[in-house]
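Q: The structure file protein.cif (mmCIF, C-alpha atoms) is provided below.
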```cif
data_coords
loop_
_atom_site.label_atom_id
_atom_site.label_comp_id
_atom_site.auth_asym_id
_atom_site.auth_seq_id
_atom_site.Cartn_x
_atom_site.Cartn_y
_atom_site.Cartn_z
CA MET E 1 21.04 118.99 258.67
CA SER E 2 24.12 120.04 260.60
CA ARG E 3 24.49 118.55 264.03
CA LEU E 4 26.55 119.89 266.91
CA HIS E 5 27.66 117.60 269.74
CA ILE E 6 28.56 119.56 272.89
CA ALA E 7 30.32 117.78 275.76
CA ASP E 8 30.74 118.84 279.35
CA THR E 9 33.39 118.21 281.96
CA GLY E 10 31.43 115.35 283.54
CA LEU E 11 31.40 113.33 280.32
CA PHE E 12 35.19 113.36 280.08
CA VAL E 13 35.61 112.70 283.80
CA ALA E 14 33.22 109.73 283.54
CA MET E 15 35.18 108.37 280.55
CA GLY E 16 38.46 108.35 282.45
CA GLN E 17 41.83 107.70 280.88
CA PRO E 18 42.36 106.63 277.24
CA SER E 19 43.13 103.07 278.41
CA ASN E 20 39.70 102.85 280.08
CA SER E 21 36.94 100.88 278.30
CA ARG E 22 34.52 103.80 278.78
CA TYR E 23 36.89 106.20 277.03
CA GLN E 24 37.48 103.71 274.23
CA ALA E 25 33.74 103.15 273.75
CA VAL E 26 33.10 106.89 273.37
CA ARG E 27 36.05 107.21 271.00
CA ARG E 28 34.67 104.35 268.85
CA PHE E 29 31.23 105.99 268.84
CA ALA E 30 32.71 109.29 267.71
CA ARG E 31 34.76 107.71 264.95
CA ARG E 32 31.98 105.43 263.67
CA ASN E 33 29.48 108.26 263.56
CA ASP E 34 31.85 111.00 262.39
CA VAL E 35 31.15 112.98 265.58
CA THR E 36 33.38 115.66 267.02
CA PHE E 37 32.53 116.60 270.59
CA ILE E 38 32.83 120.36 271.01
CA LEU E 39 33.78 121.76 274.40
CA PRO E 40 33.13 125.33 275.48
CA GLU E 41 36.37 127.01 276.56
CA ARG E 42 35.22 126.97 280.19
CA VAL E 43 34.77 123.20 280.06
CA TYR E 44 38.22 122.72 278.54
CA GLU E 45 39.71 124.88 281.29
CA GLU E 46 38.07 122.67 283.93
CA LEU E 47 39.51 119.54 282.32
CA THR E 48 43.07 120.77 282.01
CA VAL E 49 45.43 121.68 284.76
CA ASP E 50 48.68 123.56 284.77
CA ASP E 51 50.63 120.85 286.57
CA PRO E 52 53.96 119.64 285.14
CA ASP E 53 53.49 116.25 286.86
CA ILE E 54 50.41 115.52 284.73
CA GLU E 55 51.44 114.71 281.19
CA ASP E 56 48.51 112.88 279.63
CA VAL E 57 45.23 114.76 279.91
CA PRO E 58 42.43 112.62 278.42
CA VAL E 59 40.70 115.56 276.72
CA ASP E 60 43.95 116.54 275.02
CA ALA E 61 44.32 112.98 273.70
CA ALA E 62 40.79 113.20 272.27
CA ILE E 63 41.62 116.55 270.66
CA ASP E 64 44.86 115.18 269.22
CA GLU E 65 42.92 112.21 267.80
CA GLY E 66 40.40 114.58 266.20
CA TRP E 67 37.18 113.52 267.91
CA ALA E 68 37.04 116.44 270.33
CA ALA E 69 37.68 120.16 269.84
CA VAL E 70 37.51 123.37 271.82
CA ALA E 71 34.92 125.88 270.61
CA ALA E 72 35.71 129.41 269.62
CA PRO E 73 35.01 131.97 272.34
CA LEU E 74 31.35 132.63 273.09
CA GLU E 75 29.90 135.80 271.60
CA PHE E 76 28.28 137.40 274.63
CA SER E 77 27.50 140.46 272.54
CA GLU E 78 24.78 138.30 270.96
CA PRO E 79 21.72 138.63 273.21
CA ILE E 80 20.63 135.00 272.81
CA VAL E 81 24.03 133.77 274.02
CA SER E 82 23.81 135.89 277.16
CA ARG E 83 20.16 134.94 277.74
CA ALA E 84 21.00 131.24 277.42
CA MET E 85 23.91 131.56 279.84
CA ASP E 86 21.90 133.52 282.41
CA GLY E 87 18.78 131.38 281.97
CA VAL E 88 20.59 128.11 282.59
CA GLN E 89 22.40 129.54 285.60
CA ARG E 90 19.03 130.53 287.07
CA TYR E 91 17.52 127.14 286.18
CA ILE E 92 20.34 125.23 287.90
CA ALA E 93 20.23 127.59 290.89
CA ASN E 94 16.50 126.97 291.31
CA ALA E 95 16.90 123.21 290.86
CA ASP E 96 19.72 123.06 293.42
CA ASP E 97 18.28 125.74 295.73
CA ARG E 98 21.39 127.93 295.69
CA PRO E 99 22.32 131.42 294.46
CA ALA E 100 22.81 131.72 290.70
CA ASP E 101 26.25 133.25 291.32
CA ASP E 102 27.34 129.91 292.83
CA VAL E 103 26.54 127.96 289.66
CA GLU E 104 29.55 126.97 287.59
CA ARG E 105 29.73 129.03 284.41
CA ALA E 106 30.93 125.95 282.52
CA ASP E 107 27.53 124.29 283.00
CA ALA E 108 25.70 127.29 281.57
CA ALA E 109 28.24 127.61 278.74
CA LEU E 110 26.81 124.41 277.23
CA ALA E 111 23.52 126.17 276.46
CA ALA E 112 25.25 129.39 275.45
CA LEU E 113 27.33 127.51 272.87
CA ALA E 114 24.22 125.76 271.58
CA ALA E 115 22.36 129.07 271.32
CA GLN E 116 25.25 130.66 269.45
CA HIS E 117 25.33 127.89 266.84
CA LEU E 118 21.56 127.59 266.47
CA SER E 119 20.99 131.33 266.14
CA THR E 120 23.61 131.72 263.40
CA GLY E 121 22.43 128.65 261.51
CA ALA E 122 25.78 126.91 262.03
CA ALA E 123 23.80 123.99 263.49
CA SER E 124 20.23 122.87 263.08
CA ALA E 125 20.36 120.21 265.80
CA VAL E 126 22.36 120.21 269.04
CA TYR E 127 23.09 117.32 271.37
CA ILE E 128 24.32 118.29 274.82
CA TYR E 129 26.16 115.46 276.59
CA THR E 130 26.31 116.20 280.29
CA THR E 131 26.33 114.29 283.55
CA ASP E 132 24.66 117.26 285.25
CA ILE E 133 20.92 116.67 284.90
CA ALA E 134 19.97 120.22 285.91
CA ALA E 135 22.36 121.65 283.29
CA GLY E 136 20.95 119.38 280.58
CA GLU E 137 17.32 119.99 281.46
CA GLY E 138 18.03 123.69 281.90
CA ALA E 139 19.58 123.91 278.44
CA GLU E 140 16.57 122.18 276.89
CA THR E 141 14.11 124.39 278.78
CA VAL E 142 15.86 127.70 278.16
CA LEU E 143 16.51 127.01 274.49
CA ALA E 144 12.91 125.84 274.02
CA SER E 145 11.80 129.23 275.34
CA GLU E 146 13.95 130.77 272.59
CA GLY E 147 12.15 128.72 269.93
CA TYR E 148 14.68 125.89 269.63
CA GLY E 149 12.78 123.18 271.51
CA ASP E 150 12.86 120.70 268.63
CA SER E 151 16.54 121.36 267.97
CA VAL E 152 18.10 120.58 271.36
CA THR E 153 18.55 117.17 272.97
CA PHE E 154 19.99 116.57 276.43
CA VAL E 155 21.97 113.32 276.50
CA ASN E 156 22.63 111.97 280.00
CA GLY E 157 26.39 111.39 279.90
CA PHE E 158 26.40 108.52 282.39
CA ARG E 159 23.64 106.64 280.56
CA PHE E 160 25.29 107.36 277.19
CA ILE E 161 28.57 105.80 278.32
CA GLU E 162 26.82 102.85 280.01
CA ASP E 163 24.86 102.12 276.83
CA LEU E 164 28.01 102.26 274.70
CA VAL E 165 29.94 99.95 277.02
CA ALA E 166 27.01 97.52 277.26
CA GLY E 167 26.75 97.49 273.47
CA ASP E 168 30.43 96.57 273.19
CA SER E 169 30.16 93.51 275.42
#
```
Could you render the structure as structure tokens?
A:
Amino acid sequence: MSRLHIADTGLFVAMGQPSNSRYQAVRRFARRNDVTFILPERVYEELTVDDPDIEDVPVDAAIDEGWAAVAAPLEFSEPIVSRAMDGVQRYIANADDRPADDVERADAALAALAAQHLSTGAASAVYIYTTDIAAGEGAETVLASEGYGDSVTFVNGFRFIEDLVAGDS
């Protein structure tokens, strides 16, 4: 069974810098379990800035170390990818009582990336690590409606990191 681990912006923000114990705990988890966290392009763009004063971007360190990678562009020509993106945007909008156009596309890209990999058979199980509960629940709900309910797991990023750090002490 091929597993895909998708990470959002909030997970990397919560981890902090490479010197931080939270970052180190996630790095150890990834290495011990042979996990590579995949980031949709939109997530990577949120985590990186074009500022010459900022040299060490934590996500770039993770990529350089091989336990994180940026996904190939999403294939919006595939109907399931577009449906997942739109469905999660609507789910988050309803949960937060705001217009769907105001929902960050990076949050919905988590489900779109999962849909793309599940529909092509590139993954049979997907874990979505996000600190945004509506995005995680939305991904599970929307992908379940597409027939992938048993294949998608929302992992609360804050709880994930807390459990790793607690396990290290």
Q: When the PyMOL selection byres ((chain E and resi 144) around 12) is applied to the structure above, which residues does it catch, written out as a compact mmCIF listing (two decimals) with C-alpha atoms, in the frame of the given file?
A:
```
# COMPACT_ATOMS: atom_id res chain seq x y z
CA ALA E 84 21.00 131.24 277.42
CA GLY E 87 18.78 131.38 281.97
CA VAL E 88 20.59 128.11 282.59
CA ALA E 111 23.52 126.17 276.46
CA ALA E 114 24.22 125.76 271.58
CA ALA E 115 22.36 129.07 271.32
CA LEU E 118 21.56 127.59 266.47
CA GLU E 137 17.32 119.99 281.46
CA GLY E 138 18.03 123.69 281.90
CA ALA E 139 19.58 123.91 278.44
CA GLU E 140 16.57 122.18 276.89
CA THR E 141 14.11 124.39 278.78
CA VAL E 142 15.86 127.70 278.16
CA LEU E 143 16.51 127.01 274.49
CA SER E 145 11.80 129.23 275.34
CA GLU E 146 13.95 130.77 272.59
CA GLY E 147 12.15 128.72 269.93
CA TYR E 148 14.68 125.89 269.63
CA GLY E 149 12.78 123.18 271.51
CA ASP E 150 12.86 120.70 268.63
CA SER E 151 16.54 121.36 267.97
CA VAL E 152 18.10 120.58 271.36
CA THR E 153 18.55 117.17 272.97
CA PHE E 154 19.99 116.57 276.43
```
Q: Using all atoms listed in the file, which residues of range 121-158 of chain E come within 12 Å of range 96-99 of chain E, and what is the closest atom pair for each, with the distance in Å to one decimal? Give it as CSV, sorted by chain and residue number.
A:
```
residue,atom,partner,partner_atom,distance
E:Asp132,CA,E:Asp96,CA,11.2
E:Ile133,CA,E:Asp96,CA,10.7
E:Ala134,CA,E:Asp96,CA,8.0
E:Ala135,CA,E:Asp96,CA,10.6
E:Gly138,CA,E:Asp96,CA,11.7
```
Q: Do you know which residues are at most 8 Å from Gln89 in chain E counting only C-alpha atoms, after dropping those on the same chain fewer than 4 positions away, and could you put them as number ranges by chain?
A: E: 85, 93, 100-101, 103-105, 107-108
Q: Pull C-alpha atoms from the residues just selected and write them as a PDB file, keeping the file's coordinate frame.
A:
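Resulting contents of again.pdb:
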```
ATOM      1  CA  MET E  85      23.910 131.560 279.840  1.00  0.00           C
ATOM      2  CA  ALA E  93      20.230 127.590 290.890  1.00  0.00           C
ATOM      3  CA  ALA E 100      22.810 131.720 290.700  1.00  0.00           C
ATOM      4  CA  ASP E 101      26.250 133.250 291.320  1.00  0.00           C
ATOM      5  CA  VAL E 103      26.540 127.960 289.660  1.00  0.00           C
ATOM      6  CA  GLU E 104      29.550 126.970 287.590  1.00  0.00           C
ATOM      7  CA  ARG E 105      29.730 129.030 284.410  1.00  0.00           C
ATOM      8  CA  ASP E 107      27.530 124.290 283.000  1.00  0.00           C
ATOM      9  CA  ALA E 108      25.700 127.290 281.570  1.00  0.00           C
TER      10      ALA E 108
END
```
Q: Find the residue from E:Ser21, E:Ser119, E:Thr9, E:Asn94 that sits nearest to Pro40 in chain E; use all atoms listed in the file when measuring.
A: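 Comparing E:Ser21, E:Ser119, E:Thr9, E:Asn94 against Pro40 in chain E, the winner is E:Thr9.
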Q: Residues within 9 Å of (31.3, 118.1, 277.5), file coordinates, counting only C-alpha atoms: what are they? Give the list as a list in words.
A: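 Output of the proximity query reads His5, Ile6, Ala7, Asp8, Thr9, Gly10, Leu11, Phe12, Phe37, Ile38, Leu39, Pro40, Val43, Tyr44, Leu110, Ile128, Tyr129, Thr130, Thr131 and Gly157 of chain E.
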Q: Written as JSON, numbers by chain, which residues does the PyMOL selection byres ((chain E and resi 15) around 9) give for the file shown?
A: {"E": [10, 11, 12, 13, 14, 16, 17, 18, 20, 21, 22, 23, 24, 25, 26, 58, 158, 161]}
Q: Starting from the PyMOL selection byres ((chain E and resi 71) around 9), expand the selection into actual residues of this file and give them as a compact mmCIF listing (two decimals) with C-alpha atoms, in the coordinates of the input.
A:
```txt
# COMPACT_ATOMS: atom_id res chain seq x y z
CA ILE E 38 32.83 120.36 271.01
CA LEU E 39 33.78 121.76 274.40
CA PRO E 40 33.13 125.33 275.48
CA GLU E 41 36.37 127.01 276.56
CA ALA E 69 37.68 120.16 269.84
CA VAL E 70 37.51 123.37 271.82
CA ALA E 72 35.71 129.41 269.62
CA PRO E 73 35.01 131.97 272.34
CA LEU E 74 31.35 132.63 273.09
CA LEU E 113 27.33 127.51 272.87
```
Q: Using CA of Glu78 in chain E and CA of Ile63 in chain E as the two end points, give the distance in Å to one decimal.
A: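 About the pair CA of Glu78 in chain E and CA of Ile63 in chain E: they are 27.5 Å apart.
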Q: Please compute the CA of Ala106 in chain E-CA of Ser2 in chain E distance, one decimal, in Å.
A: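 Rounded to one decimal, the two atoms are 23.7 Å apart.
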Q: In Å, how far is it from CA of Ala30 in chain E to CA of Asp168 in chain E?
A: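 Here the two named atoms are 14.0 Å from each other.
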Q: Could you write out as JSON the box around range 113-118 of chain E (axis-aligned, all atoms listed in the file, 6 Å on each side), with centre and edge lengths in Å to one decimal?
A:
```
{"center_x": 24.4, "center_y": 128.2, "center_z": 269.7, "size_x": 17.8, "size_y": 16.9, "size_z": 18.4}
```
Q: I need the residue nearest Trp67 in chain E from this list: E:Arg28, E:Arg42, E:Ala95, E:Ile80. Use all atoms listed in the file for the distance.
A: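 Counting all atoms listed in the file, the residue closest to Trp67 in chain E is E:Arg28.
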Q: Provide range 89-102 of chain E rebuilt to N, CA and C atoms, formatted as a PDB file, in the frame of the given file.
A:
```pdb
ATOM      1  N   GLN E  89      21.896 129.325 284.234  1.00  0.00           N
ATOM      2  CA  GLN E  89      22.400 129.540 285.600  1.00  0.00           C
ATOM      3  C   GLN E  89      21.237 129.649 286.583  1.00  0.00           C
ATOM      4  N   ARG E  90      20.202 130.400 286.198  1.00  0.00           N
ATOM      5  CA  ARG E  90      19.030 130.530 287.070  1.00  0.00           C
ATOM      6  C   ARG E  90      18.314 129.188 287.226  1.00  0.00           C
ATOM      7  N   TYR E  91      18.190 128.441 286.140  1.00  0.00           N
ATOM      8  CA  TYR E  91      17.520 127.140 286.180  1.00  0.00           C
ATOM      9  C   TYR E  91      18.237 126.201 287.157  1.00  0.00           C
ATOM     10  N   ILE E  92      19.556 126.110 287.020  1.00  0.00           N
ATOM     11  CA  ILE E  92      20.340 125.230 287.900  1.00  0.00           C
ATOM     12  C   ILE E  92      20.245 125.720 289.344  1.00  0.00           C
ATOM     13  N   ALA E  93      20.316 127.026 289.536  1.00  0.00           N
ATOM     14  CA  ALA E  93      20.230 127.590 290.890  1.00  0.00           C
ATOM     15  C   ALA E  93      18.891 127.221 291.533  1.00  0.00           C
ATOM     16  N   ASN E  94      17.816 127.336 290.775  1.00  0.00           N
ATOM     17  CA  ASN E  94      16.500 126.970 291.310  1.00  0.00           C
ATOM     18  C   ASN E  94      16.406 125.477 291.582  1.00  0.00           C
ATOM     19  N   ALA E  95      16.953 124.667 290.688  1.00  0.00           N
ATOM     20  CA  ALA E  95      16.900 123.210 290.860  1.00  0.00           C
ATOM     21  C   ALA E  95      17.703 122.766 292.074  1.00  0.00           C
ATOM     22  N   ASP E  96      18.828 123.433 292.321  1.00  0.00           N
ATOM     23  CA  ASP E  96      19.720 123.060 293.420  1.00  0.00           C
ATOM     24  C   ASP E  96      19.515 123.904 294.671  1.00  0.00           C
ATOM     25  N   ASP E  97      18.570 124.849 294.609  1.00  0.00           N
ATOM     26  CA  ASP E  97      18.280 125.740 295.730  1.00  0.00           C
ATOM     27  C   ASP E  97      19.545 126.437 296.248  1.00  0.00           C
ATOM     28  N   ARG E  98      20.191 127.171 295.335  1.00  0.00           N
ATOM     29  CA  ARG E  98      21.390 127.930 295.690  1.00  0.00           C
ATOM     30  C   ARG E  98      21.423 129.206 294.855  1.00  0.00           C
ATOM     31  N   PRO E  99      22.230 130.173 295.239  1.00  0.00           N
ATOM     32  CA  PRO E  99      22.320 131.420 294.460  1.00  0.00           C
ATOM     33  C   PRO E  99      22.884 131.163 293.059  1.00  0.00           C
ATOM     34  N   ALA E 100      22.361 131.872 292.081  1.00  0.00           N
ATOM     35  CA  ALA E 100      22.810 131.720 290.700  1.00  0.00           C
ATOM     36  C   ALA E 100      24.307 132.016 290.556  1.00  0.00           C
ATOM     37  N   ASP E 101      24.826 132.908 291.386  1.00  0.00           N
ATOM     38  CA  ASP E 101      26.250 133.250 291.320  1.00  0.00           C
ATOM     39  C   ASP E 101      27.144 132.075 291.721  1.00  0.00           C
ATOM     40  N   ASP E 102      26.569 131.081 292.403  1.00  0.00           N
ATOM     41  CA  ASP E 102      27.340 129.910 292.830  1.00  0.00           C
ATOM     42  C   ASP E 102      27.368 128.814 291.772  1.00  0.00           C
TER      43      ASP E 102
END
```
